[in-house]
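Working notes, structure below.
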Amino acid sequence: MDHKAFIFDIKRNSSEDGPGIRTTVFFKGCPLSCSWCQNPEGISPGPSLSFRAELCRPDQCERPCLKACRLKALTLQDQQLRLDRERCDQCGRCAAVCSQHALERVGQWLSVDELFYRVAIDKPFFDATGGGVTASGGECTTQMNFLHHFFKKLKAAGIHTAIETNGMFNFGRFTRLLLPWLDLVYFDLKLIDEATSIRHTGHSNRPILDNLLRLTECAEIPVKVRIPLIPNITATDENLRGIARFLREHRIEQVSALPYNPLWLDKLQRFGIDTDYRYAAFMSDAEIERCVDSLQAC
Ligand code: SF4
Ligand code: SF4
């Protein structure tokens with residue numbers, strides 16, 4: 001059977017998603033909807049239409065996109081192209097005819113073999129640096145069956161494998177289909193309080209905490225906890241102390257913090273994403289130090 005996955009990006013030469021030089025593959029679809037999501041185009045499991053108004057030149061082109069759109073989701077108003085996302089079904093016909101790349105359909109189906117050949121091209125770099133392939137997202141475990149076959153193929157080729165997960169997965173399937181083929185897990189831990197988790201991610205954190213404890217108990221590979229520092233949400237003294245207490249109580253020691261990066265904000269307009277969270281600054285060294293102090297205080 002030809003297993004396929006829906007993927008929205010492949011980044012070569014990545015150095016932040018595991019040891020050595022890596023290729024990171026971003027899978028579409030996520031059960032959470034964090035208000036600060038750095039890859040909001042990865043949340044929906046289907047294609048997403050990107051519209052970069054700054055690249056659109058309706059005065060210098062024949063506006064083929066208007067004709068291509070059967071749903072009348074595109075209109076011209078005051079010489080500016082307008083996209084009505086309520087009408088749009090992400091078919092991508094407009095993107096196919098836009099020579100300016102102002103419109104782009106994000107997301108593509110790839111088979112195990114197609115993805116394997118795209119990443120295996122960098123095997124010499126992986127071998128030379130101790131690198132490999134990291135599956136990210138979205139939440140890559142939403143495409144668990146595909147990942148099983150993909151990781152199996154990578155391991156057969158001697159390539160190091162890692163995933164970045166938010167912890168919202170079916171534990172039985174994870175340990176059966178993925179764990180035997182993994183070398184490393186990065187496990188995101190965002191919020192310790194259940195009500196706060198529901199408010200900011202749309203879900204209870206209980207399954208996530210349970211999965212973390214069960215995984216750290218049974219896994220024979222490193223499970224590294226990563227805490228995204230999101231100003232005013234996760235990067236509060238109360239949350240970080242709560243996480244630190246939880247980790248200490250369960251003797252989980254491999255932990256790091258990821259400082260907030262505001263560069264995702266331009267994606268809100270590009271993908272028409274609605275969120276109240278629009279914190280626009282990088283964290284200062286002093287803010288990061290305060291967070292580290294909170295994590296070390298308990
Ligand atoms: S989106 Fe592309 S094709 Fe449509 S008007 Fe703008 S530049 Fe022209
Ligand atoms: S993706 Fe399809 S429906 Fe949406 S604007 Fe383009 S042509 Fe119209």
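Identifiers in the structure tokens: chain A, B, ... in order shown; residue index from 1 per chain; ligand index from 1 in order shown.
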>> Env of segment 128-139 of chain A: 6 Å cut, atoms = only C-alpha atoms, seq-sep filter 2 positions within chain, self excluded. Answer as a list of chain:residue names.
In response: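 Listed by chain and then number, they are A:Pro19, A:Gly20, A:Ile21, A:Arg22, A:Thr23, A:Thr24, A:Val25, A:Phe26, A:Phe27, A:Lys28, A:Gly29, A:Cys30, A:Gly42, A:Ile43, A:Phe125, A:Phe126, A:Thr141, A:Thr142, A:Ile159, A:His160, A:Thr161, A:Ala162, A:Ile163, A:Glu164.
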Taking a cut-off of 6 Å and counting only C-alpha atoms and all ligand atoms, can you build a table that, for each residue of chain A near ligand 2, reports the nearest atom pair and how far apart they are in Å (one decimal), sorted by chain then residue number, as a Markdown table?
```
| residue | atom | partner | partner_atom_place_in_ligand_line | distance |
| --- | --- | --- | --- | --- |
| A:Ala68 | CA | ligand 2 | 7 (S) | 5.6 |
| A:Cys69 | CA | ligand 2 | 7 (S) | 3.6 |
| A:Leu71 | CA | ligand 2 | 3 (S) | 5.3 |
| A:Ala73 | CA | ligand 2 | 5 (S) | 4.9 |
| A:Leu74 | CA | ligand 2 | 5 (S) | 5.4 |
| A:Cys88 | CA | ligand 2 | 4 (Fe) | 3.7 |
| A:Asp89 | CA | ligand 2 | 3 (S) | 4.7 |
| A:Gln90 | CA | ligand 2 | 1 (S) | 3.8 |
| A:Cys91 | CA | ligand 2 | 2 (Fe) | 4.0 |
| A:Gly92 | CA | ligand 2 | 1 (S) | 3.9 |
| A:Arg93 | CA | ligand 2 | 7 (S) | 4.4 |
| A:Cys94 | CA | ligand 2 | 7 (S) | 4.2 |
```
> What do you get as a ChimeraX atom specification if you pick all residues at most 7 Å from ligand 1, counting only C-alpha atoms and all ligand atoms?
Replying inline: /A:55-58,61-66,81,97-103
Kindly save the residues from that selection, with N, CA and C atoms included, as a short mmCIF file (atom, residue, chain, number, x, y, z; two decimals), in the first residue's frame.
```cif
data_model
loop_
_atom_site.label_atom_id
_atom_site.label_comp_id
_atom_site.auth_asym_id
_atom_site.auth_seq_id
_atom_site.Cartn_x
_atom_site.Cartn_y
_atom_site.Cartn_z
N LEU A 55 2.89 41.13 -2.56
CA LEU A 55 3.41 40.64 -3.84
C LEU A 55 2.39 40.79 -4.98
N CYS A 56 1.17 41.08 -4.61
CA CYS A 56 0.09 41.14 -5.60
C CYS A 56 0.17 42.46 -6.38
N ARG A 57 0.17 42.37 -7.73
CA ARG A 57 0.28 43.55 -8.59
C ARG A 57 -0.87 43.55 -9.60
N PRO A 58 -2.10 43.81 -9.14
CA PRO A 58 -3.24 43.73 -10.07
C PRO A 58 -3.13 44.74 -11.21
N CYS A 61 -0.82 42.94 -14.04
CA CYS A 61 -1.10 41.61 -14.58
C CYS A 61 -2.54 41.54 -15.07
N GLU A 62 -2.85 40.46 -15.73
CA GLU A 62 -4.20 40.32 -16.33
C GLU A 62 -5.22 39.81 -15.31
N ARG A 63 -4.77 39.65 -14.10
CA ARG A 63 -5.62 39.15 -13.00
C ARG A 63 -6.28 37.81 -13.33
N PRO A 64 -5.47 36.86 -13.75
CA PRO A 64 -6.05 35.54 -14.10
C PRO A 64 -6.69 34.86 -12.89
N CYS A 65 -6.25 35.24 -11.69
CA CYS A 65 -6.80 34.61 -10.48
C CYS A 65 -8.31 34.84 -10.37
N LEU A 66 -8.76 36.04 -10.80
CA LEU A 66 -10.19 36.34 -10.69
C LEU A 66 -11.01 35.37 -11.53
N LEU A 81 -6.63 43.46 -4.61
CA LEU A 81 -7.28 42.15 -4.62
C LEU A 81 -7.76 41.83 -3.20
N VAL A 97 -2.27 30.05 -11.27
CA VAL A 97 -2.13 31.00 -12.40
C VAL A 97 -1.46 32.32 -11.98
N CYS A 98 -1.09 32.44 -10.73
CA CYS A 98 -0.48 33.70 -10.26
C CYS A 98 1.04 33.66 -10.46
N SER A 99 1.53 34.41 -11.43
CA SER A 99 2.97 34.36 -11.72
C SER A 99 3.77 35.13 -10.68
N GLN A 100 3.11 35.95 -9.87
CA GLN A 100 3.82 36.73 -8.84
C GLN A 100 4.01 35.95 -7.53
N HIS A 101 3.43 34.77 -7.47
CA HIS A 101 3.45 33.96 -6.24
C HIS A 101 2.80 34.69 -5.05
N ALA A 102 1.87 35.58 -5.37
CA ALA A 102 1.14 36.26 -4.30
C ALA A 102 0.17 35.29 -3.64
N LEU A 103 -0.33 34.35 -4.42
CA LEU A 103 -1.21 33.31 -3.89
C LEU A 103 -0.47 31.98 -3.94
#
```
Give me, as a Markdown table, each residue of segment 127-234 of chain A that comes within 12 Å of segment 110-113 of chain A, together with its shortest interatomic pair and the distance in Å at one decimal, counting only C-alpha atoms, with rows ordered by chain and rising residue number.
```
| residue | atom | partner | partner_atom | distance |
| --- | --- | --- | --- | --- |
| A:Gln143 | CA | A:Val112 | CA | 11.9 |
| A:Asn145 | CA | A:Val112 | CA | 10.6 |
| A:Phe146 | CA | A:Val112 | CA | 7.1 |
| A:Leu147 | CA | A:Val112 | CA | 8.4 |
| A:His148 | CA | A:Val112 | CA | 9.8 |
| A:His149 | CA | A:Val112 | CA | 6.9 |
| A:Phe150 | CA | A:Val112 | CA | 5.5 |
| A:Phe151 | CA | A:Val112 | CA | 9.3 |
| A:Lys152 | CA | A:Val112 | CA | 10.1 |
| A:Lys153 | CA | A:Val112 | CA | 8.3 |
| A:Leu154 | CA | A:Val112 | CA | 10.0 |
```
>> Taking 3 positions as the minimum chain separation for residues in the same chain, which residues sit within 8 Å of segment 266-270 of chain A when counting only C-alpha atoms? Answer as an NGL selection string.
In response: :A and (40-41 or 50-53 or 263 or 273-274)
